[in-house]
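Content type CSV, C-alpha atoms, from the file coords-v5.csv:
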chain,number,residue,atom,x,y,z
A,12,MET,CA,-30.9,139.0,63.6
A,13,ILE,CA,-28.4,140.4,66.1
A,14,PHE,CA,-25.3,142.0,64.5
A,15,THR,CA,-22.2,142.4,66.5
A,16,GLU,CA,-19.3,144.2,64.8
A,17,THR,CA,-15.9,142.5,65.3
A,18,PRO,CA,-12.7,144.5,66.0
A,19,LEU,CA,-12.1,144.3,62.2
A,20,ALA,CA,-14.4,147.0,60.8
A,21,GLY,CA,-17.1,145.6,58.4
A,22,ALA,CA,-16.9,142.1,59.7
A,23,TYR,CA,-19.9,141.0,61.9
A,24,VAL,CA,-20.9,138.1,64.1
A,25,VAL,CA,-24.5,137.4,63.3
A,26,ASP,CA,-26.7,135.8,65.9
A,27,ILE,CA,-30.3,134.7,65.4
A,28,ASP,CA,-33.2,136.3,67.3
A,29,LYS,CA,-35.3,133.3,68.3
A,30,LYS,CA,-39.0,133.6,68.4
A,31,ALA,CA,-39.9,130.5,70.5
A,32,ASP,CA,-43.1,128.8,71.4
A,33,ASN,CA,-44.1,125.2,72.3
A,34,ARG,CA,-43.2,124.0,68.8
A,35,GLY,CA,-39.6,125.2,68.9
A,36,PHE,CA,-38.4,128.4,67.4
A,37,PHE,CA,-38.3,130.5,64.3
A,38,ALA,CA,-35.5,132.9,63.3
A,39,ARG,CA,-34.4,134.7,60.2
A,40,THR,CA,-30.8,133.9,59.2
A,41,PHE,CA,-30.5,136.3,56.3
A,42,CYS,CA,-32.3,139.6,55.2
A,43,ALA,CA,-30.9,141.6,52.3
A,44,ASN,CA,-32.4,144.8,53.7
A,45,GLU,CA,-30.8,144.4,57.2
A,46,PHE,CA,-27.4,143.5,55.6
A,47,SER,CA,-27.6,146.5,53.3
A,48,GLU,CA,-28.4,148.9,56.2
A,49,LEU,CA,-25.1,147.9,57.8
A,50,GLY,CA,-23.1,148.4,54.6
A,51,MET,CA,-22.8,144.6,54.1
A,52,LYS,CA,-23.0,143.2,50.6
A,53,PRO,CA,-26.2,141.1,50.4
A,54,GLU,CA,-25.7,139.6,46.9
A,55,VAL,CA,-25.8,135.8,46.7
A,56,ALA,CA,-24.0,134.1,43.8
A,57,GLN,CA,-23.4,130.7,45.3
A,58,ILE,CA,-24.2,128.7,48.4
A,59,ASN,CA,-21.6,126.1,49.3
A,60,LEU,CA,-21.7,123.1,51.7
A,61,CYS,CA,-18.4,121.7,53.1
A,62,TYR,CA,-18.1,118.5,55.1
A,63,ASN,CA,-15.1,117.6,57.3
A,64,GLY,CA,-14.9,114.1,58.8
A,65,THR,CA,-11.9,114.7,61.0
A,66,GLN,CA,-11.6,116.9,64.1
A,67,GLY,CA,-8.7,119.3,63.8
A,68,THR,CA,-9.0,119.7,60.0
A,69,VAL,CA,-7.9,123.2,58.8
A,70,ARG,CA,-9.3,124.8,55.7
A,71,GLY,CA,-8.0,128.2,54.5
A,72,MET,CA,-7.0,130.9,54.6
A,73,HIS,CA,-8.7,131.7,51.3
A,74,TYR,CA,-9.9,134.9,49.6
A,75,GLN,CA,-10.5,136.2,46.1
A,76,VAL,CA,-9.1,139.4,44.6
A,77,PRO,CA,-10.8,141.9,42.2
A,78,PRO,CA,-12.6,141.6,39.9
A,79,ALA,CA,-14.0,138.6,41.8
A,80,SER,CA,-13.7,139.8,45.4
A,81,GLU,CA,-16.3,138.1,47.5
A,82,THR,CA,-18.1,138.4,50.8
A,83,LYS,CA,-19.1,135.3,52.8
A,84,LEU,CA,-21.7,134.5,55.4
A,85,VAL,CA,-20.4,131.3,57.1
A,86,ARG,CA,-22.5,129.1,59.4
A,87,CYS,CA,-21.7,125.7,61.0
A,88,THR,CA,-24.8,123.5,60.6
A,89,ARG,CA,-23.3,120.3,62.2
A,90,GLY,CA,-20.6,120.1,64.9
A,91,ALA,CA,-18.4,123.0,65.7
A,92,ILE,CA,-15.6,125.0,64.1
A,93,TYR,CA,-13.2,127.8,65.1
A,94,ASP,CA,-13.7,130.4,62.3
A,95,VAL,CA,-10.9,132.9,61.5
A,96,ILE,CA,-10.7,136.0,59.3
A,97,VAL,CA,-7.7,138.2,58.4
A,98,ASP,CA,-8.1,141.8,57.2
A,99,LEU,CA,-6.2,142.2,53.9
A,100,ARG,CA,-7.3,145.7,53.1
A,101,PRO,CA,-4.0,147.6,52.7
A,102,ASP,CA,-5.5,150.9,53.9
A,103,SER,CA,-7.2,149.5,56.9
A,104,PRO,CA,-6.0,150.3,60.4
A,105,THR,CA,-6.5,146.6,61.2
A,106,TYR,CA,-4.5,145.4,58.2
A,107,LEU,CA,-3.1,141.8,58.8
A,108,GLN,CA,-5.0,141.5,62.1
A,109,HIS,CA,-7.3,138.5,62.7
A,110,PHE,CA,-10.4,137.7,64.5
A,111,GLY,CA,-11.7,134.2,65.5
A,112,VAL,CA,-15.1,133.0,66.7
A,113,GLU,CA,-16.6,129.6,67.5
A,114,LEU,CA,-19.5,128.7,65.3
A,115,THR,CA,-21.5,125.6,66.2
A,116,ALA,CA,-24.7,123.9,65.2
A,117,ASP,CA,-26.0,124.6,68.7
A,118,ASN,CA,-25.2,128.4,68.9
A,119,TYR,CA,-26.6,129.1,65.4
A,120,ARG,CA,-24.1,131.9,65.0
A,121,ALA,CA,-22.7,133.0,61.7
A,122,LEU,CA,-19.7,135.2,60.6
A,123,TYR,CA,-20.0,137.8,57.9
A,124,VAL,CA,-16.7,138.0,56.0
A,125,PRO,CA,-16.2,141.2,54.0
A,126,GLU,CA,-14.3,141.5,50.7
A,127,LEU,CA,-10.5,141.3,50.9
A,128,PHE,CA,-10.6,139.3,54.1
A,129,ALA,CA,-8.9,135.9,54.2
A,130,HIS,CA,-11.1,133.2,55.7
A,131,GLY,CA,-10.4,129.8,57.2
A,132,TYR,CA,-11.5,127.5,60.0
A,133,GLN,CA,-10.6,124.5,62.1
A,134,THR,CA,-13.0,121.7,62.9
A,135,LEU,CA,-13.5,121.3,66.7
A,136,THR,CA,-15.6,118.2,66.2
A,137,PRO,CA,-15.6,115.3,63.8
A,138,GLU,CA,-18.2,115.4,61.1
A,139,ALA,CA,-18.5,119.2,60.9
A,140,GLU,CA,-20.6,120.8,58.1
A,141,ILE,CA,-20.3,124.4,57.1
A,142,VAL,CA,-22.6,126.4,54.8
A,143,TYR,CA,-21.1,129.4,53.0
A,144,VAL,CA,-23.3,132.0,51.3
A,145,VAL,CA,-21.0,133.7,48.8
A,146,SER,CA,-21.5,137.0,46.9
A,147,GLU,CA,-19.3,136.1,43.9
A,148,PHE,CA,-18.7,133.0,41.7
A,149,TYR,CA,-15.6,131.0,42.4
A,150,THR,CA,-13.0,132.4,40.0
A,151,PRO,CA,-9.8,130.2,40.1
A,152,GLY,CA,-7.6,133.0,38.6
A,153,CYS,CA,-8.6,135.3,41.4
A,154,GLU,CA,-8.1,132.8,44.2
A,155,ARG,CA,-5.4,133.6,46.8
A,156,GLY,CA,-4.5,132.3,50.2
A,157,LEU,CA,-2.4,132.7,53.3
A,158,ARG,CA,-0.7,129.9,55.2
A,159,TYR,CA,-2.8,129.0,58.2
A,160,ASN,CA,0.3,128.8,60.4
A,161,ASP,CA,2.1,131.9,59.1
A,162,PRO,CA,4.2,133.2,62.0
A,163,LYS,CA,3.5,136.9,61.0
A,164,LEU,CA,-0.3,136.2,61.6
A,165,ASN,CA,0.3,134.2,64.8
A,166,ILE,CA,-3.2,132.7,64.7
A,167,GLN,CA,-3.7,130.5,67.8
A,168,TRP,CA,-5.7,127.5,66.5
A,169,PRO,CA,-7.4,125.6,69.3
A,170,LEU,CA,-6.1,122.2,68.3
A,171,PRO,CA,-3.1,120.8,66.4
A,172,ALA,CA,-3.8,120.7,62.7
A,173,SER,CA,-4.8,117.1,61.9
A,174,LEU,CA,-5.5,117.5,58.2
A,175,ILE,CA,-4.8,120.3,55.7
A,176,SER,CA,-4.7,120.2,51.9
A,177,ASP,CA,-1.4,120.4,50.1
A,178,LYS,CA,-2.6,123.6,48.4
A,179,ASP,CA,-3.5,125.2,51.7
A,180,ASN,CA,-0.1,124.1,53.2
A,181,SER,CA,1.8,125.6,50.3
A,182,TRP,CA,0.6,129.2,50.3
A,183,ASP,CA,3.6,131.6,50.5
A,184,LEU,CA,4.5,133.0,53.9
A,185,LEU,CA,3.9,136.7,54.2
A,186,ALA,CA,7.6,137.3,54.9
A,187,ASP,CA,8.4,135.6,51.5
A,188,ALA,CA,5.7,137.5,49.5
Before anything else, please render the file you have as structure tokens.
Amino acid sequence: MIFTETPLAGAYVVDIDKKADNRGFFARTFCANEFSELGMKPEVAQINLCYNGTQGTVRGMHYQVPPASETKLVRCTRGAIYDVIVDLRPDSPTYLQHFGVELTADNYRALYVPELFAHGYQTLTPEAEIVYVVSEFYTPGCERGLRYNDPKLNIQWPLPASLISDKDNSWDLLADA
């Protein structure tokens, strides 16, 4: 695997290192040892699959707080998404800054999301599927969110939002929190 740290410390873009031959290729997409060496949390509590039928769908910006803080490894396995993270670590020099990257079924890229980072994405194609490898069990009482269009975050989504859940559209704005 090829790890590229983002401008938000502890968050990585993870590319595969293809070993190709006349059959196709082989690549490792996860290795607990390699993740640990970089200070990443390699525990796996759940693996989730998300399907989105409509281009422009926005999901997020979700995170969990202690005692159920979670890391995520996010990969698009069908179609394409624009994946975004926001640093919510109060003592971080990049607090409330965000980073976005395109994940596609064709580029095999993943994004490692550290604890206390909000995460969300927008589908760039119809029929997009996303796989999340998550370090903690979903804990509704610890779930939090940010509004995807919060002016304080100023996230530039590639497309107008075509679908968003009522819950995701109702998170408080940072200015009101």
Interatomic distance between CA of Val124 in chain A and CA of Leu185 in chain A?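 The value is 20.7 Å.
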Show which residues sit within 8 Å of range 149-156 of chain A, as a PDB file with C-alpha atoms, in the coordinates of the input. Count all atoms listed in the file, and ignore same-chain residues fewer than 2 positions away.
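Below you can see out_26.pdb, which holds the result:
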ATOM      1  CA  GLY A  71      -8.000 128.200  54.500  1.00  0.00           C
ATOM      2  CA  MET A  72      -7.000 130.900  54.600  1.00  0.00           C
ATOM      3  CA  HIS A  73      -8.700 131.700  51.300  1.00  0.00           C
ATOM      4  CA  TYR A  74      -9.900 134.900  49.600  1.00  0.00           C
ATOM      5  CA  GLN A  75     -10.500 136.200  46.100  1.00  0.00           C
ATOM      6  CA  VAL A  76      -9.100 139.400  44.600  1.00  0.00           C
ATOM      7  CA  PRO A  77     -10.800 141.900  42.200  1.00  0.00           C
ATOM      8  CA  PRO A  78     -12.600 141.600  39.900  1.00  0.00           C
ATOM      9  CA  ALA A  79     -14.000 138.600  41.800  1.00  0.00           C
ATOM     10  CA  SER A  80     -13.700 139.800  45.400  1.00  0.00           C
ATOM     11  CA  ALA A 129      -8.900 135.900  54.200  1.00  0.00           C
ATOM     12  CA  GLU A 147     -19.300 136.100  43.900  1.00  0.00           C
ATOM     13  CA  ARG A 158      -0.700 129.900  55.200  1.00  0.00           C
ATOM     14  CA  ASP A 179      -3.500 125.200  51.700  1.00  0.00           C
ATOM     15  CA  TRP A 182       0.600 129.200  50.300  1.00  0.00           C
TER      16      TRP A 182
END
Could I get the residues of range 142-176 of chain A with an atom no further than 10 Å from an atom of range 111-117 of chain A, each paired with its nearest atom pair and that distance in Å to one decimal, using only C-alpha atoms, sorted by chain and residue number, as CSV?
residue,atom,partner,partner_atom,distance
A:Ile166,CA,A:Gly111,CA,8.7
A:Gln167,CA,A:Gly111,CA,9.1
A:Trp168,CA,A:Gly111,CA,9.0
Env of Lys52 in chain A: 9 Å cut, atoms = only C-alpha atoms, seq-sep filter 4 positions within chain, self excluded. Answer as a list in words.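 Near Lys52 in chain A, the qualifying residues are Ala43, Phe46, Ser47, Glu81, Thr82, Pro125, Glu126 and Ser146 of chain A.
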Would you compute the distance between CA of Phe41 in chain A and CA of Asp94 in chain A? Give it in Å to one decimal.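 Computed distance, CA of Phe41 in chain A to CA of Asp94 in chain A, equals 18.8 Å.
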With distances taken over only C-alpha atoms, which of A:Glu138, A:Asp32, A:Asp177, A:Asp98 is nearest to Leu164 in chain A?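 Of A:Glu138, A:Asp32, A:Asp177, A:Asp98, the one nearest Leu164 in chain A is A:Asp98, counting only C-alpha atoms.
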Hey, which of A:His130, A:Cys87, A:Val142, A:Tyr119 ends up closest to Arg39 in chain A? Count only C-alpha atoms. A:Tyr119
Exercise: Asn59 in chain A partners within 12 Å, only C-alpha atoms, chain neighbours under 2 positions left out, as JSON, numbers by chain: {"A": [55, 56, 57, 61, 62, 83, 84, 85, 86, 87, 140, 141, 142, 143, 144, 145, 146, 147, 148, 149]}
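CA of Ser181 in chain A sits 21.2 Å away from CA of Tyr93 in chain A.
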Close residues, Thr40 in chain A itself excluded, 9 Å, only C-alpha atoms, min 5 positions apart in chain, as JSON, numbers by chain: {"A": [12, 25, 26, 27, 28, 119, 121]}
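Between Leu157 in chain A and the candidates A:Gly131, A:Gly67, A:Pro169, A:Pro137, the tightest atom-to-atom separation, counting only C-alpha atoms, involves A:Gly131.
With all atoms listed in the file as the atoms that count, the minimum distance from Ile96 in chain A to the choices A:Gln133, A:Ser176, A:Thr15, A:Thr65 is reached by A:Gln133.
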